[in-house]
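What follows is start27.tsv (TSV, C-alpha atoms (C1' of nucleotides)).
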chain	number	residue	atom	x	y	z
C	1	MET	CA	121.32	62.38	80.21
C	2	THR	CA	124.69	60.93	81.17
C	3	GLY	CA	125.49	59.47	84.55
C	4	THR	CA	125.61	62.95	86.07
C	5	VAL	CA	123.37	63.35	89.10
C	6	SER	CA	121.76	66.76	89.50
C	7	PRO	CA	124.13	68.93	91.53
C	8	PRO	CA	122.86	70.13	94.88
C	9	PRO	CA	121.38	73.62	94.55
C	10	THR	CA	122.94	76.46	96.48
C	11	LYS	CA	120.89	77.88	99.27
C	12	ALA	CA	120.50	81.09	97.29
C	13	GLN	CA	119.06	79.20	94.33
C	14	LEU	CA	116.62	77.37	96.52
C	15	LEU	CA	115.65	80.60	98.24
C	16	GLU	CA	114.99	82.28	94.93
C	17	LEU	CA	112.92	79.39	93.67
C	18	VAL	CA	110.84	79.31	96.84
C	19	ALA	CA	110.30	83.06	96.56
C	20	ALA	CA	109.32	82.83	92.90
C	21	LEU	CA	106.81	80.08	93.55
C	22	GLY	CA	105.45	81.86	96.58
C	23	THR	CA	104.63	85.00	94.65
C	24	ALA	CA	103.38	83.06	91.63
C	25	GLN	CA	101.00	81.15	93.85
C	26	TRP	CA	99.91	84.36	95.54
C	27	GLN	CA	99.14	85.98	92.21
C	28	ASP	CA	97.14	82.96	91.13
C	29	PHE	CA	95.16	83.35	94.33
C	30	ALA	CA	94.73	87.10	93.84
C	31	ALA	CA	93.54	86.61	90.27
C	32	ALA	CA	91.01	83.97	91.31
C	33	ALA	CA	89.78	86.29	94.06
C	34	ALA	CA	89.49	89.20	91.63
C	35	ARG	CA	87.31	87.10	89.34
C	36	GLN	CA	84.90	86.80	92.27
C	37	GLY	CA	85.06	90.52	92.92
C	38	LEU	CA	87.25	90.19	95.98
C	39	THR	CA	90.61	91.70	96.81
C	40	SER	CA	93.24	89.20	97.82
C	41	VAL	CA	93.14	90.34	101.43
C	42	GLN	CA	89.38	89.97	101.61
C	43	ALA	CA	89.68	86.46	100.19
C	44	LYS	CA	92.42	85.63	102.65
C	45	LEU	CA	90.29	86.72	105.56
C	46	LEU	CA	87.31	84.79	104.26
C	47	ALA	CA	89.49	81.71	103.94
C	48	GLN	CA	90.18	81.76	107.68
C	49	LEU	CA	86.52	81.56	108.66
C	50	LYS	CA	85.91	77.89	109.30
C	51	GLY	CA	83.97	78.95	112.38
C	52	PRO	CA	83.27	82.14	114.36
C	53	VAL	CA	86.47	84.13	114.90
C	54	PRO	CA	86.75	87.29	117.00
C	55	MET	CA	88.18	90.39	115.32
C	56	ARG	CA	91.28	90.15	117.45
C	57	GLY	CA	91.86	86.59	116.34
C	58	LEU	CA	91.65	87.64	112.72
C	59	ALA	CA	94.23	90.35	113.30
C	60	THR	CA	96.54	87.71	114.73
C	61	LEU	CA	95.94	85.31	111.87
C	62	LEU	CA	96.50	88.00	109.25
C	63	VAL	CA	99.46	89.45	111.16
C	64	CYS	CA	98.16	92.99	111.10
C	65	ASP	CA	96.64	95.68	113.29
C	66	ALA	CA	93.15	95.14	114.67
C	67	SER	CA	91.96	98.42	113.21
C	68	ASN	CA	92.83	97.12	109.79
C	69	VAL	CA	90.53	94.14	110.25
C	70	THR	CA	87.66	96.49	111.04
C	71	GLY	CA	87.80	97.94	107.54
C	72	ILE	CA	88.16	94.63	105.75
C	73	VAL	CA	85.25	93.10	107.64
C	74	ASP	CA	83.20	96.26	107.03
C	75	ARG	CA	83.53	95.80	103.28
C	76	LEU	CA	82.87	92.06	103.39
C	77	GLU	CA	79.84	92.61	105.61
C	78	ALA	CA	78.49	95.30	103.28
C	79	ARG	CA	78.51	92.65	100.57
C	80	GLY	CA	76.79	90.08	102.73
C	81	LEU	CA	79.68	87.62	102.76
C	82	VAL	CA	80.28	87.88	106.47
C	83	ARG	CA	78.38	88.70	109.65
C	84	ARG	CA	79.41	90.16	113.01
C	85	GLU	CA	77.85	88.31	115.92
C	86	PRO	CA	78.02	89.32	119.56
C	87	ASP	CA	79.99	86.91	121.71
C	88	PRO	CA	77.77	85.39	124.39
C	89	GLY	CA	80.56	85.24	126.94
C	90	ASP	CA	82.16	88.64	126.48
C	91	ARG	CA	80.20	91.64	125.31
C	92	ARG	CA	83.30	93.42	124.03
C	93	VAL	CA	83.95	90.69	121.49
C	94	LYS	CA	82.42	90.47	118.04
C	95	ASN	CA	82.71	87.12	116.32
C	96	VAL	CA	82.93	87.10	112.55
C	97	VAL	CA	81.21	84.28	110.69
C	98	ALA	CA	80.96	83.62	106.96
C	99	THR	CA	77.47	83.65	105.47
C	100	ASP	CA	76.37	80.93	103.07
C	101	GLU	CA	77.23	83.23	100.21
C	102	GLY	CA	80.62	83.91	101.74
C	103	ARG	CA	81.38	80.21	102.05
C	104	GLU	CA	80.28	79.63	98.49
C	105	ILE	CA	82.40	82.42	97.07
C	106	ILE	CA	85.58	81.35	98.85
C	107	ARG	CA	84.96	77.80	97.65
C	108	ARG	CA	84.89	79.13	94.10
C	109	VAL	CA	88.11	81.06	94.63
C	110	ARG	CA	89.89	77.92	95.73
C	111	ALA	CA	88.47	75.97	92.80
C	112	GLU	CA	89.55	78.59	90.29
C	113	MET	CA	93.21	78.65	91.16
C	114	GLN	CA	93.94	77.08	87.82
C	115	ALA	CA	97.66	77.74	87.66
C	116	THR	CA	98.25	76.15	91.02
C	117	HIS	CA	95.98	73.21	90.29
C	118	SER	CA	97.55	72.41	86.98
C	119	ALA	CA	101.03	72.80	88.43
C	120	LEU	CA	100.24	70.26	91.12
C	121	ASP	CA	98.76	67.96	88.49
C	122	THR	CA	102.16	67.54	86.88
C	123	LEU	CA	103.29	65.56	89.91
C	124	ASP	CA	102.36	61.94	90.42
C	125	GLU	CA	101.10	60.64	93.73
C	126	GLU	CA	104.48	59.59	95.06
C	127	GLU	CA	106.01	62.95	94.22
C	128	ARG	CA	103.16	64.75	95.90
C	129	THR	CA	103.66	62.70	99.02
C	130	THR	CA	107.37	63.52	99.01
C	131	LEU	CA	106.71	67.20	98.44
C	132	TYR	CA	104.12	67.29	101.18
C	133	GLY	CA	106.54	65.71	103.60
C	134	LEU	CA	109.28	68.18	102.80
C	135	LEU	CA	107.04	71.22	102.97
C	136	GLU	CA	105.63	70.05	106.26
C	137	ARG	CA	109.14	70.05	107.65
C	138	LEU	CA	109.57	73.64	106.49
C	139	ARG	CA	106.33	74.80	108.06
C	140	PRO	CA	107.26	75.01	111.75
C	141	GLY	CA	110.27	77.24	111.07
C	142	LEU	CA	108.27	79.55	108.88
C	143	ASP	CA	104.94	79.69	110.65
C	144	HIS	CA	105.35	81.45	113.94
C	145	ARG	CA	108.29	83.81	114.21
C	146	GLY	CA	108.84	86.80	111.90
S	1	MET	CA	109.14	54.35	112.56
S	2	THR	CA	106.91	51.36	111.93
S	3	GLY	CA	106.14	49.94	108.54
S	4	THR	CA	103.38	52.52	107.99
S	5	VAL	CA	104.06	54.69	104.98
S	6	SER	CA	102.69	58.22	105.13
S	7	PRO	CA	99.37	58.30	103.32
S	8	PRO	CA	99.25	60.39	100.14
S	9	PRO	CA	97.92	63.86	100.92
S	10	THR	CA	94.78	65.03	99.21
S	11	LYS	CA	95.17	67.76	96.66
S	12	ALA	CA	93.32	70.12	98.99
S	13	GLN	CA	95.78	69.46	101.79
S	14	LEU	CA	98.73	70.03	99.53
S	15	LEU	CA	97.14	73.20	98.20
S	16	GLU	CA	96.58	74.50	101.69
S	17	LEU	CA	100.12	73.73	102.73
S	18	VAL	CA	101.56	75.43	99.67
S	19	ALA	CA	99.38	78.46	100.36
S	20	ALA	CA	100.39	78.59	104.01
S	21	LEU	CA	104.08	78.41	103.19
S	22	GLY	CA	103.73	80.94	100.40
S	23	THR	CA	102.24	83.54	102.71
S	24	ALA	CA	104.61	82.70	105.55
S	25	GLN	CA	107.55	83.20	103.24
S	26	TRP	CA	106.05	86.43	101.93
S	27	GLN	CA	105.65	87.77	105.43
S	28	ASP	CA	109.21	86.88	106.27
S	29	PHE	CA	110.24	88.85	103.21
S	30	ALA	CA	107.99	91.79	104.10
S	31	ALA	CA	109.36	91.89	107.65
S	32	ALA	CA	112.95	91.84	106.42
S	33	ALA	CA	112.14	94.63	103.98
S	34	ALA	CA	110.47	96.69	106.71
S	35	ARG	CA	113.59	96.42	108.85
S	36	GLN	CA	115.41	98.17	106.00
S	37	GLY	CA	112.71	100.81	105.74
S	38	LEU	CA	111.20	99.37	102.58
S	39	THR	CA	107.69	98.24	101.81
S	40	SER	CA	107.45	94.74	100.43
S	41	VAL	CA	106.56	96.01	96.98
S	42	GLN	CA	109.55	98.33	96.90
S	43	ALA	CA	111.81	95.44	97.91
S	44	LYS	CA	110.26	93.21	95.30
S	45	LEU	CA	110.94	95.76	92.58
S	46	LEU	CA	114.48	96.28	93.78
S	47	ALA	CA	115.03	92.53	93.69
S	48	GLN	CA	114.31	92.48	89.96
S	49	LEU	CA	117.06	94.95	89.08
S	50	LYS	CA	119.99	92.79	88.08
S	51	GLY	CA	120.52	95.21	85.18
S	52	PRO	CA	118.75	98.17	83.59
S	53	VAL	CA	115.05	97.46	83.15
S	54	PRO	CA	112.55	99.75	81.39
S	55	MET	CA	109.49	100.84	83.35
S	56	ARG	CA	107.27	98.76	81.11
S	57	GLY	CA	109.37	95.69	81.80
S	58	LEU	CA	108.98	96.21	85.52
S	59	ALA	CA	105.22	96.45	85.14
S	60	THR	CA	105.28	93.10	83.36
S	61	LEU	CA	107.53	91.50	85.97
S	62	LEU	CA	105.39	92.78	88.83
S	63	VAL	CA	102.16	91.98	86.99
S	64	CYS	CA	100.68	95.42	87.49
S	65	ASP	CA	99.80	98.60	85.67
S	66	ALA	CA	102.64	100.76	84.34
S	67	SER	CA	101.34	103.80	86.18
S	68	ASN	CA	101.78	101.92	89.41
S	69	VAL	CA	105.47	101.41	88.70
S	70	THR	CA	105.90	105.16	88.29
S	71	GLY	CA	104.97	105.74	91.90
S	72	ILE	CA	107.05	102.92	93.33
S	73	VAL	CA	110.13	104.01	91.38
S	74	ASP	CA	109.47	107.64	92.40
S	75	ARG	CA	109.73	106.69	96.06
S	76	LEU	CA	112.77	104.47	95.56
S	77	GLU	CA	114.47	107.18	93.53
S	78	ALA	CA	113.72	109.79	96.18
S	79	ARG	CA	115.67	107.61	98.60
S	80	GLY	CA	118.58	107.15	96.22
S	81	LEU	CA	118.16	103.41	95.83
S	82	VAL	CA	117.36	103.55	92.15
S	83	ARG	CA	118.04	105.78	89.12
S	84	ARG	CA	116.12	106.46	85.93
S	85	GLU	CA	118.38	106.49	82.87
S	86	PRO	CA	117.36	107.47	79.34
S	87	ASP	CA	117.46	104.60	76.89
S	88	PRO	CA	119.99	105.30	74.12
S	89	GLY	CA	117.91	103.56	71.46
S	90	ASP	CA	114.44	104.88	72.26
S	91	ARG	CA	113.86	108.26	73.82
S	92	ARG	CA	110.47	107.25	75.19
S	93	VAL	CA	112.03	104.59	77.40
S	94	LYS	CA	113.46	105.12	80.85
S	95	ASN	CA	115.64	102.34	82.20
S	96	VAL	CA	115.68	101.79	85.92
S	97	VAL	CA	118.95	100.74	87.54
S	98	ALA	CA	119.77	100.06	91.18
S	99	THR	CA	122.35	102.33	92.78
S	100	ASP	CA	125.13	100.88	94.92
S	101	GLU	CA	123.07	101.66	97.97
S	102	GLY	CA	120.07	99.99	96.40
S	103	ARG	CA	122.04	96.82	95.68
S	104	GLU	CA	123.39	96.80	99.20
S	105	ILE	CA	120.02	97.22	100.83
S	106	ILE	CA	118.34	94.45	98.86
S	107	ARG	CA	121.29	92.19	99.66
S	108	ARG	CA	120.60	92.85	103.33
S	109	VAL	CA	116.92	92.08	102.92
S	110	ARG	CA	117.74	88.70	101.44
S	111	ALA	CA	120.23	87.98	104.20
S	112	GLU	CA	117.76	88.87	106.92
S	113	MET	CA	115.02	86.49	105.94
S	114	GLN	CA	115.74	84.52	109.06
S	115	ALA	CA	112.60	82.41	109.17
S	116	THR	CA	113.10	81.21	105.61
S	117	HIS	CA	116.81	80.59	106.12
S	118	SER	CA	116.38	78.59	109.26
S	119	ALA	CA	113.52	76.62	107.76
S	120	LEU	CA	115.71	75.61	104.85
S	121	ASP	CA	118.50	74.72	107.27
S	122	THR	CA	116.40	71.91	108.70
S	123	LEU	CA	116.81	70.01	105.42
S	124	ASP	CA	119.96	68.11	104.59
S	125	GLU	CA	121.62	68.37	101.21
S	126	GLU	CA	119.84	65.46	99.64
S	127	GLU	CA	116.46	66.70	100.77
S	128	ARG	CA	117.21	70.13	99.39
S	129	THR	CA	118.11	68.65	96.06
S	130	THR	CA	114.87	66.69	96.01
S	131	LEU	CA	112.84	69.73	97.01
S	132	TYR	CA	114.53	71.85	94.39
S	133	GLY	CA	113.77	69.31	91.71
S	134	LEU	CA	110.10	69.11	92.65
S	135	LEU	CA	109.64	72.86	92.90
S	136	GLU	CA	111.32	73.33	89.55
S	137	ARG	CA	108.72	71.06	88.03
S	138	LEU	CA	105.99	73.24	89.54
S	139	ARG	CA	107.49	76.46	88.24
S	140	PRO	CA	106.50	76.34	84.56
S	141	GLY	CA	102.83	75.83	85.33
S	142	LEU	CA	102.78	78.64	87.83
S	143	ASP	CA	105.05	81.19	86.25
S	144	HIS	CA	103.41	82.59	83.18
S	145	ARG	CA	99.64	82.74	83.21
S	146	GLY	CA	97.62	84.24	86.00
W	1	DA	C1'	103.08	113.93	57.01
W	2	DT	C1'	99.45	111.71	58.85
W	3	DT	C1'	97.95	107.68	61.32
W	4	DG	C1'	98.50	104.51	64.74
W	5	DA	C1'	100.92	102.21	68.35
W	6	DT	C1'	104.00	102.36	72.34
W	7	DG	C1'	106.26	104.24	76.82
W	8	DC	C1'	105.67	106.98	80.57
W	9	DT	C1'	103.30	110.24	83.65
W	10	DT	C1'	99.31	112.53	85.96
W	11	DG	C1'	94.99	112.68	88.45
W	12	DA	C1'	91.02	110.68	90.63
W	13	DG	C1'	89.30	107.15	93.54
W	14	DG	C1'	89.30	102.92	96.35
W	15	DC	C1'	91.54	99.47	99.29
W	16	DA	C1'	95.10	98.31	102.74
W	17	DA	C1'	98.03	99.28	106.47
W	18	DT	C1'	99.75	101.74	110.60
W	19	DC	C1'	99.41	104.73	114.56
W	20	DA	C1'	97.08	107.40	118.13
W	21	DA	C1'	92.98	108.10	120.60
W	22	DG	C1'	88.73	106.83	122.38
W	23	DC	C1'	84.79	104.11	124.35
W	24	DA	C1'	82.89	99.89	126.32
W	25	DA	C1'	83.45	95.99	128.90
W	26	DC	C1'	86.10	92.66	131.59
W	27	DT	C1'	89.37	91.58	135.78
W	28	DC	C1'	91.42	91.99	139.92
W	29	DG	C1'	92.19	93.76	144.48
W	30	DC	C1'	90.16	95.56	148.13
T	1	DG	C1'	80.69	97.27	145.39
T	2	DC	C1'	84.33	100.53	143.36
T	3	DG	C1'	88.37	101.93	141.12
T	4	DA	C1'	92.70	100.79	138.44
T	5	DG	C1'	94.47	98.62	134.84
T	6	DT	C1'	93.69	95.71	130.76
T	7	DT	C1'	91.57	94.13	126.68
T	8	DG	C1'	88.47	94.37	122.29
T	9	DC	C1'	86.84	97.10	118.88
T	10	DT	C1'	86.20	101.39	116.28
T	11	DT	C1'	87.40	106.04	114.39
T	12	DG	C1'	90.31	109.46	112.17
T	13	DA	C1'	94.49	110.83	109.93
T	14	DT	C1'	98.16	109.64	106.88
T	15	DT	C1'	100.80	106.90	103.68
T	16	DG	C1'	101.40	103.51	100.18
T	17	DC	C1'	99.52	100.47	96.59
T	18	DC	C1'	96.67	99.79	92.73
T	19	DT	C1'	93.64	100.60	88.72
T	20	DC	C1'	91.54	103.25	85.25
T	21	DA	C1'	91.18	107.12	82.03
T	22	DA	C1'	93.55	110.73	79.83
T	23	DG	C1'	97.39	112.99	78.13
T	24	DC	C1'	102.03	113.96	76.02
T	25	DA	C1'	106.15	112.47	73.60
T	26	DT	C1'	108.20	109.37	70.60
T	27	DC	C1'	108.53	105.77	67.31
T	28	DA	C1'	107.09	103.08	63.08
T	29	DA	C1'	104.94	102.68	58.62
T	30	DT	C1'	102.83	104.04	54.86
Turn the structure described in the file into structure tokens.
Amino acid sequence: MTGTVSPPPTKAQLLELVAALGTAQWQDFAAAAARQGLTSVQAKLLAQLKGPVPMRGLATLLVCDASNVTGIVDRLEARGLVRREPDPGDRRVKNVVATDEGREIIRRVRAEMQATHSALDTLDEEERTTLYGLLERLRPGLDHRG
Amino acid sequence: MTGTVSPPPTKAQLLELVAALGTAQWQDFAAAAARQGLTSVQAKLLAQLKGPVPMRGLATLLVCDASNVTGIVDRLEARGLVRREPDPGDRRVKNVVATDEGREIIRRVRAEMQATHSALDTLDEEERTTLYGLLERLRPGLDHRG
DNA sequence: ATTGATGCTTGAGGCAATCAAGCAACTCGC
DNA sequence: GCGAGTTGCTTGATTGCCTCAAGCATCAAT
């Protein structure tokens, strides 16, 4: 290395890198889910269930039609990973909650994302803090909106 | 800003943030593709075609079965965005190339990823350089393997 | 020339996604 | 109350994605 500082990347380069990492991370997730017998969408839904969530709320979180959620929850429920509970305050609403088995299986999915884990392990603590700060700044622009 | 430094994030927090941004970016991509009448998978395939690529190569790039590529290319070819060309050296092989229209449409998809563009715009040049450097270090661990 | 491997396609079957339509239940005005 | 409009969920139809098993054509190697 000479005195050359790394040249600033073009926006296109950065965009491509972000895209590549995004899909790589998604495939790591999908593979981990598959090892637990889940599709990636089923795992994604399960990952949202920190508490009871109405069907409509899941559709919003997953950015898809409500009728789509019906099918996904049907399959998860048939496997005992999720339960539909009536909402006490509104009889139209069905709240979805993860069963113990559902919580356990999504925990395993997260733990088994080896590629992502080992990638993050190559960064030291300071670098992780920096990365976290930068990504947090990107979040608001990316999160809502489409 | 006081003297408090931001505390180092836990690995779980970082993982969650990376996952959230990965899916947000993917949905931005999918939405941009949809505006051009493409599914996200079709757009993803089209994005790989910088030159002629054999069907098998596409299956590897997309990490899926070869028979799946047949269908995706069928639909793209039916819309004139892609062409199958015989390989001069091996008559089993069909090379897929983007047509002019195909190149144009994927260019538009990239340009229309508004959420991603504006998110990246919130970083100044130095921050982008830092981010690029960190993400590049993550790439090797995430890229191959699954 | 046979054997085996490779590249692509086809067909069957399941999941995911959307749209349109429908039913039940809530809300508001009266 | 009662009816109008709205909201939450499900169903059915259709399309695309995806995998697996099977098949055909071609290549490589003996």
Notebook entry, point to check: For chain S, which residues have at least one atom within 9 Å of chain W, if we go by only C-alpha atoms (C1' of nucleotides)? Write them as a PyMOL selection string, please.
Noted result: chain S and resi 54-56+66-67+70+92-94
Item checked: Selected residue, from C:Arg83, C:Lys50, C:Arg91, C:His117, that lies nearest to chain S when counting all atoms listed in the file ->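 For chain S, the nearest of the given residues is C:His117.
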Notebook entry, point to check: Near chain S, which residues of chain C fall within 7 Å when you count all atoms listed in the file, and what do they look like as JSON, numbers by chain?
Noted result: {"C": [8, 9, 14, 21, 22, 24, 25, 27, 28, 31, 115, 116, 118, 119, 120, 125, 129, 131, 132, 134, 138, 139, 141, 142, 143, 145, 146]}
Note to self: For Arg75 (chain C), find every residue with an atom within 12 Å (counting all atoms listed in the file), except residues of its own chain fewer than 3 positions away, and show them as a PyMOL selection string.
What the structure shows: (chain C and resi 37-39+41-43+45-46+68-72+78-84) or (chain W and resi 14-16)
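The space between CA of Glu104 (chain S) and CA of Leu61 (chain S) spans 21.3 Å.
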Margin query: I'd like the interatomic distance between CA of Leu58 (chain C) and CA of Glu85 (chain C), to a tenth of an Å.
Written below: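 Atom-to-atom, CA of Leu58 (chain C) and CA of Glu85 (chain C) are spaced 14.2 Å apart.
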Around region 72-77 of chain S, with edges along x, y and z and 3 Å added on all six sides, what centre and edge lengths do you get, in Å to one decimal, as JSON?
{"center_x": 110.8, "center_y": 105.3, "center_z": 93.7, "size_x": 13.4, "size_y": 10.7, "size_z": 10.7}
Next item on the list: May I have the residues of chain T within 10 Å of chain S, counting only C-alpha atoms (C1' of nucleotides), written as a PyMOL selection string?
Entry: chain T and resi 16-20+25-27
Notebook entry, point to check: How many Å separate CA of Val53 (chain C) from CA of Asp87 (chain C)?
Noted result: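 It comes out at 9.8 Å.
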Notebook entry, point to check: Could you name the residues that touch Leu49 (chain C) at 10 Å or less, counting all atoms listed in the file, but leaving out those on the same chain fewer than 5 positions away, as a list in words?
Noted result: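 That gives Lys44, Leu58, Val82, Val96, Val97, Ala98, Thr99, Gly102, Arg103 and Ile106 of chain C.
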